[in-house]
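Report on the following structure.
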Amino acid sequence: MPNPSDLIIQLITETFPESWYKEYHFDDEAIDNIETVYTTFVLKLEKSKEDFFDYINRSILIGEYISVADFKAVINTIKDSLENIPQPLPSIEALQEKLQSDLNINYIQCLKVALNMYLDFTVWVSVKARLSNVDYISQSNEELSDEQENEDFNEVSIKQLLFVQANLMISRIDHYQTPDIVDYRELFTYSRDLTKPKKLGGNRFSILLKEKNDFLLCKWILRKKDLNRFPVYQIKDSIEHELGIHDLANASVKPWVDIINSHYQFDIDWKQKSHNDFNQLKYTDLKALSMLQLHRLIKYFKDVSKNQKRLNEIRLEVQRRYDTAKSEHHSYNAFVYSIVVNYAINNEFSLLEEGKDYNSIMKLYNEVTDLQSSTGVKNFFPQNKLIGFLTKLLKKKFEEKTALTDLKEVRDLIATCKMIIEKYKANVTWSERNYTYVFYLPFEECFIKTGSSEIESIFIASSFVLTLDKTKYIEDFDEFNKSIESISSSLTIMENVESEIVSLNEMKKELTAVKKDIIAKEMKSMETIAIFTTIVTFVLSSVANFKFIATAYQAALFVLCLATSLGFFVFLLIIIRQGEIADKIRKYFWNLFLLATLGAFFWIILVFSNEIKSFLKKQTEPIRIFKPIQSKPSAPKPNGPQKLPSLNNS
């Protein structure tokens with residue numbers, strides 16, 4: 001079937017051939033039935049206009065703005081064809097006014113407004129797909145705003161334009177949905193208005209657009225209930241109702257709702273469903289699988305049967321598809337696969353982070369950042385995971401009291417954390433502008449069957465994926481930032497305390513050394529006194545014992561003996577001292593001096609042996625104080641008294 005845009009161009013060409021106005025004879029004033037002729041023209045004009053809006057709404061619903069390359073140029077071509085419609089200038093003034101209102105305003109200008117709205121939306125989608133680093137703070141079109149406020153549009157034109165606008169707004173939410181309450185209110189309003197004929201209801205595509213709108217509303221409610229700590233209620237017709245999805249998800253979107261419940265673990269048996277998917281796919285080559293099937297395998301190998309190798313294989317397959325999309329210049333699918341390949345490596349990184357191998361984690365993290373640079377997808381999941389891992393590692397070192405012993409490692413970790421924090425902050429800011437969904441399906445996999453004869457299937461860009469809640473990760477960023485600052489401050493305090501402790505320990509060591517030195521000096525002084533006392537005692541006792549010296553030779557030998565003894569004592573005095581000289585003496589002269597001393601000792605004994613023996617012999621003879629009284633011959637005793645002999649006489 002031809003593209004709706006081709007049908008629009010064909011429609012305009014067939015409705016307004018080069019001389020279309022000649023068929024109606026607008027310049028012939030003699031025609032009696034000019035009113036009837038003009039009514040025929042208006043009916044044809046209204047039919048053309050109705051077909052135009054059917055085609056443009058169909059184009060939006062099937063995602064032609066993505067499937068057709070350079071769709072912006074296609075819209076401009078249609079606008080040019082409207083500008084080039086030949087316009088007659090009938091002589092009848094009343095007919096001029098009617099043509100101005102019906103042809104120029106409510107056809108050409110009305111269709112141009114619809115095309116400009118579509119063009120603005122197309123530009124917006126292309127900007128989002130570029131993942132631009134530029135911050136687009138607004139989108140406006142003054143000409144379009146003025147045209148939309150044209151009071152000359154009739155009721156039919158306004159209603160047709162409002163439906164196109166609703167179609168585009170719902171598609172915009174589809175591409176960039178958020179958990180904000182604003183999105184819910186818009187979707188809820190559209191869901192209600194699409195059932196009211198006086199508003200958006202009654203259009204050929206009202207039911208299909210409502211199905212798309214309600215599916216987006218269903219996903220918003222699922223995400224909100226997942227994020228909210230309390231049940232989510234609304235008050236409708238003065239009655240409280242808990243938000244539910246039972247009336248929102250019809251049969252056409254049920255397969256995606258089932259995937260949502262399994263992937264986001266809303267069902268208690270999500271593991272079994274994931275395992276069932278794996279059993280159906282496990283024997284199929286990765287190249288033959290759809291992106292949805294690869295996604296199911298990523299879920300299985302990440303959360304059910306953890307397998308790092310298989311996750312890596314899937315990531316490489318997605319990388320191959322990304323390269324193919326780029327080479328084929330399919331900008332949207334290149335955008336999709338740039339998101340998907342980052343999603344795949346993030347899951348791989350997340351599983352590796354659970355293994356707690358620092359070197360492997362940092363190696364894969366570098367691969368992640370390289371991939372982010374090449375794809376332009378600067379999401380913050382890698383930084384979130386890595387900073388969480390490093391924070392736990394730092395806290396563990398503090399708990400185990402090894403932070404100061406591993407000071408360089410801890411400092412390096414803190415520096416790494418601060419660098420990652422800066423990257424984290426920048427990526428969160430980028431994600432707020434560009435990153436709504438962590439995963440997309442390629443264009444050809446984003447369709448759901450409608451069961452309608454009008455359109456067989458409609459395009460839903462977000463498929464089964466729920467919008468990303470950036471609030472949680474911004475909160476995580478703040479927590480991690482506080483933790484790193486706290487750890488850094490704690491380490492600084494500990495370092496200061498440690499520095500003081502080291503200083504006190506050094507002072508203690510110095511005092512201990514001084515004390516030991518004083519004690520050593522006191523001991524040496526006492527030893528010196530003891531040695532000199534010994535020398536003096538030795539000399540005094542030796543001099544008294546060497547009375548046998550009678551000659552100069554004997555005196556020389558005695559001096560030599562005494563000098564040797566004194567030298568030995570002096571040597572003992574030197575070796576108990578500290579210093580370089582004493583060390584050299586102890587090292588080089590100890591053996592020589594000992595031998596010399598022993599030699600001199602034995603030589604002295606040999607030389608003085610006879611004198612010593614004679615001296616010792618004399619010393620052993622008893623010392624007599626009184627001389628013995630010798631006996632004399634007895635003389636005759638005198639008869640008279642006798643005097644005793646004097647002791648002074650012999």
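Every chain in the structure tokens has a letter given in the order shown (A, B, ...), and although residue numbers restart at 1 in each chain, ligands are simply numbered from 1 in the order shown.
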- [ ] Would you kindly return, as a PyMOL selection string, each protein, DNA or RNA residue with an atom no farther than 7 Å from any atom of range 218-231 of chain A, considering only C-alpha atoms and excluding same-chain residues fewer than 5 positions away?
- [x] chain A and resi 179+184+243+245+248-249+466
Selection to disk with C-alpha atoms, as a short mmCIF file (atom, residue, chain, number, x, y, z; two decimals), in the first residue's frame:
data_model
loop_
_atom_site.label_atom_id
_atom_site.label_comp_id
_atom_site.auth_asym_id
_atom_site.auth_seq_id
_atom_site.Cartn_x
_atom_site.Cartn_y
_atom_site.Cartn_z
CA PRO A 179 6.18 9.88 35.48
CA TYR A 184 -1.26 11.55 33.32
CA LEU A 243 -6.04 3.63 39.68
CA ILE A 245 -5.36 -0.84 34.27
CA LEU A 248 -7.26 0.38 29.75
CA ALA A 249 -5.41 -2.60 28.29
CA LEU A 466 8.02 1.94 31.14
#
Open item on the list: Which residues are near Gln372 in chain A? Cut-off 8 Å, only C-alpha atoms, ignore same chain within fewer than 6 positions. Put them as JSON, numbers by chain.
Closed with: {"A": [342, 378, 379]}
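Shortest atom-to-atom contact with Asp214 in chain A among A:Lys408, A:Asn57, A:Ile460, A:Thr436: A:Ile460, counting only C-alpha atoms.
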TODO: Give me every alpha helix (DSSP H) residue in range 327-463 of chain A, going by DSSP on the backbone, as number ranges by chain.
DONE: A: 327, 331-355, 358-375, 381-399, 407-434
Task: Contact residues around His295 in chain A with only C-alpha atoms at 10 Å, ignoring same-chain residues under 6 positions, as number ranges by chain - done: A: 263, 289, 314, 340, 343-344, 439-441
Could you write out that same residue set with all heavy atoms as a PDB file, in the first residue's frame?
ATOM      1  N   HIS A 263       8.888  -8.457  32.976  1.00  0.00           N
ATOM      2  CA  HIS A 263      10.188  -7.777  32.968  1.00  0.00           C
ATOM      3  C   HIS A 263      10.387  -6.922  34.217  1.00  0.00           C
ATOM      4  O   HIS A 263      11.469  -6.929  34.816  1.00  0.00           O
ATOM      5  CB  HIS A 263      10.323  -6.905  31.726  1.00  0.00           C
ATOM      6  CG  HIS A 263      11.577  -6.089  31.713  1.00  0.00           C
ATOM      7  ND1 HIS A 263      12.817  -6.652  31.514  1.00  0.00           N
ATOM      8  CD2 HIS A 263      11.792  -4.761  31.908  1.00  0.00           C
ATOM      9  CE1 HIS A 263      13.749  -5.709  31.579  1.00  0.00           C
ATOM     10  NE2 HIS A 263      13.155  -4.557  31.826  1.00  0.00           N
ATOM     11  N   LEU A 289      17.232 -13.935  16.056  1.00  0.00           N
ATOM     12  CA  LEU A 289      16.255 -13.491  17.054  1.00  0.00           C
ATOM     13  C   LEU A 289      15.883 -12.030  16.836  1.00  0.00           C
ATOM     14  O   LEU A 289      16.705 -11.221  16.381  1.00  0.00           O
ATOM     15  CB  LEU A 289      16.810 -13.669  18.463  1.00  0.00           C
ATOM     16  CG  LEU A 289      17.088 -15.107  18.912  1.00  0.00           C
ATOM     17  CD1 LEU A 289      17.708 -15.107  20.308  1.00  0.00           C
ATOM     18  CD2 LEU A 289      15.823 -15.946  18.897  1.00  0.00           C
ATOM     19  N   ILE A 314      25.388 -11.451  23.647  1.00  0.00           N
ATOM     20  CA  ILE A 314      24.219 -10.684  23.208  1.00  0.00           C
ATOM     21  C   ILE A 314      24.606  -9.237  22.930  1.00  0.00           C
ATOM     22  O   ILE A 314      24.174  -8.632  21.941  1.00  0.00           O
ATOM     23  CB  ILE A 314      23.106 -10.759  24.271  1.00  0.00           C
ATOM     24  CG1 ILE A 314      22.609 -12.202  24.418  1.00  0.00           C
ATOM     25  CG2 ILE A 314      21.944  -9.847  23.899  1.00  0.00           C
ATOM     26  CD1 ILE A 314      21.657 -12.414  25.574  1.00  0.00           C
ATOM     27  N   VAL A 340      20.012   0.564  22.848  1.00  0.00           N
ATOM     28  CA  VAL A 340      19.953  -0.857  23.206  1.00  0.00           C
ATOM     29  C   VAL A 340      21.339  -1.412  23.525  1.00  0.00           C
ATOM     30  O   VAL A 340      21.500  -2.192  24.471  1.00  0.00           O
ATOM     31  CB  VAL A 340      19.297  -1.674  22.073  1.00  0.00           C
ATOM     32  CG1 VAL A 340      19.371  -3.163  22.380  1.00  0.00           C
ATOM     33  CG2 VAL A 340      17.845  -1.259  21.892  1.00  0.00           C
ATOM     34  N   TYR A 343      22.172  -0.393  26.851  1.00  0.00           N
ATOM     35  CA  TYR A 343      21.370  -1.179  27.791  1.00  0.00           C
ATOM     36  C   TYR A 343      22.003  -2.553  28.005  1.00  0.00           C
ATOM     37  O   TYR A 343      22.104  -3.040  29.139  1.00  0.00           O
ATOM     38  CB  TYR A 343      19.951  -1.327  27.245  1.00  0.00           C
ATOM     39  CG  TYR A 343      19.073  -2.264  28.031  1.00  0.00           C
ATOM     40  CD1 TYR A 343      18.434  -1.841  29.190  1.00  0.00           C
ATOM     41  CD2 TYR A 343      18.876  -3.583  27.620  1.00  0.00           C
ATOM     42  CE1 TYR A 343      17.619  -2.703  29.918  1.00  0.00           C
ATOM     43  CE2 TYR A 343      18.062  -4.451  28.341  1.00  0.00           C
ATOM     44  CZ  TYR A 343      17.444  -4.002  29.486  1.00  0.00           C
ATOM     45  OH  TYR A 343      16.649  -4.864  30.209  1.00  0.00           O
ATOM     46  N   ALA A 344      22.464  -3.174  26.915  1.00  0.00           N
ATOM     47  CA  ALA A 344      23.061  -4.509  27.010  1.00  0.00           C
ATOM     48  C   ALA A 344      24.348  -4.489  27.830  1.00  0.00           C
ATOM     49  O   ALA A 344      24.557  -5.327  28.713  1.00  0.00           O
ATOM     50  CB  ALA A 344      23.330  -5.057  25.613  1.00  0.00           C
ATOM     51  N   PHE A 439      15.365   1.407  27.058  1.00  0.00           N
ATOM     52  CA  PHE A 439      15.352   0.405  25.994  1.00  0.00           C
ATOM     53  C   PHE A 439      14.296   0.786  24.965  1.00  0.00           C
ATOM     54  O   PHE A 439      13.257   1.348  25.310  1.00  0.00           O
ATOM     55  CB  PHE A 439      15.043  -0.976  26.592  1.00  0.00           C
ATOM     56  CG  PHE A 439      15.091  -2.107  25.599  1.00  0.00           C
ATOM     57  CD1 PHE A 439      16.287  -2.740  25.317  1.00  0.00           C
ATOM     58  CD2 PHE A 439      13.934  -2.528  24.950  1.00  0.00           C
ATOM     59  CE1 PHE A 439      16.341  -3.780  24.395  1.00  0.00           C
ATOM     60  CE2 PHE A 439      13.979  -3.570  24.032  1.00  0.00           C
ATOM     61  CZ  PHE A 439      15.176  -4.194  23.754  1.00  0.00           C
ATOM     62  N   TYR A 440      14.596   0.507  23.715  1.00  0.00           N
ATOM     63  CA  TYR A 440      13.634   0.675  22.628  1.00  0.00           C
ATOM     64  C   TYR A 440      13.657  -0.584  21.759  1.00  0.00           C
ATOM     65  O   TYR A 440      14.661  -1.321  21.733  1.00  0.00           O
ATOM     66  CB  TYR A 440      13.993   1.859  21.729  1.00  0.00           C
ATOM     67  CG  TYR A 440      13.684   3.222  22.292  1.00  0.00           C
ATOM     68  CD1 TYR A 440      14.648   3.947  22.980  1.00  0.00           C
ATOM     69  CD2 TYR A 440      12.436   3.803  22.103  1.00  0.00           C
ATOM     70  CE1 TYR A 440      14.379   5.212  23.479  1.00  0.00           C
ATOM     71  CE2 TYR A 440      12.156   5.072  22.603  1.00  0.00           C
ATOM     72  CZ  TYR A 440      13.124   5.765  23.281  1.00  0.00           C
ATOM     73  OH  TYR A 440      12.853   7.006  23.778  1.00  0.00           O
ATOM     74  N   LEU A 441      12.571  -0.791  21.043  1.00  0.00           N
ATOM     75  CA  LEU A 441      12.561  -1.792  19.986  1.00  0.00           C
ATOM     76  C   LEU A 441      12.784  -1.085  18.659  1.00  0.00           C
ATOM     77  O   LEU A 441      12.363   0.072  18.489  1.00  0.00           O
ATOM     78  CB  LEU A 441      11.227  -2.542  19.956  1.00  0.00           C
ATOM     79  CG  LEU A 441      10.964  -3.517  21.106  1.00  0.00           C
ATOM     80  CD1 LEU A 441       9.584  -4.152  20.950  1.00  0.00           C
ATOM     81  CD2 LEU A 441      12.028  -4.592  21.196  1.00  0.00           C
TER      82      LEU A 441
END
Open item on the list: Please compute the CA of Lys425 in chain A-CA of Ser488 in chain A distance, one decimal, in Å.
Closed with: 18.6 Å
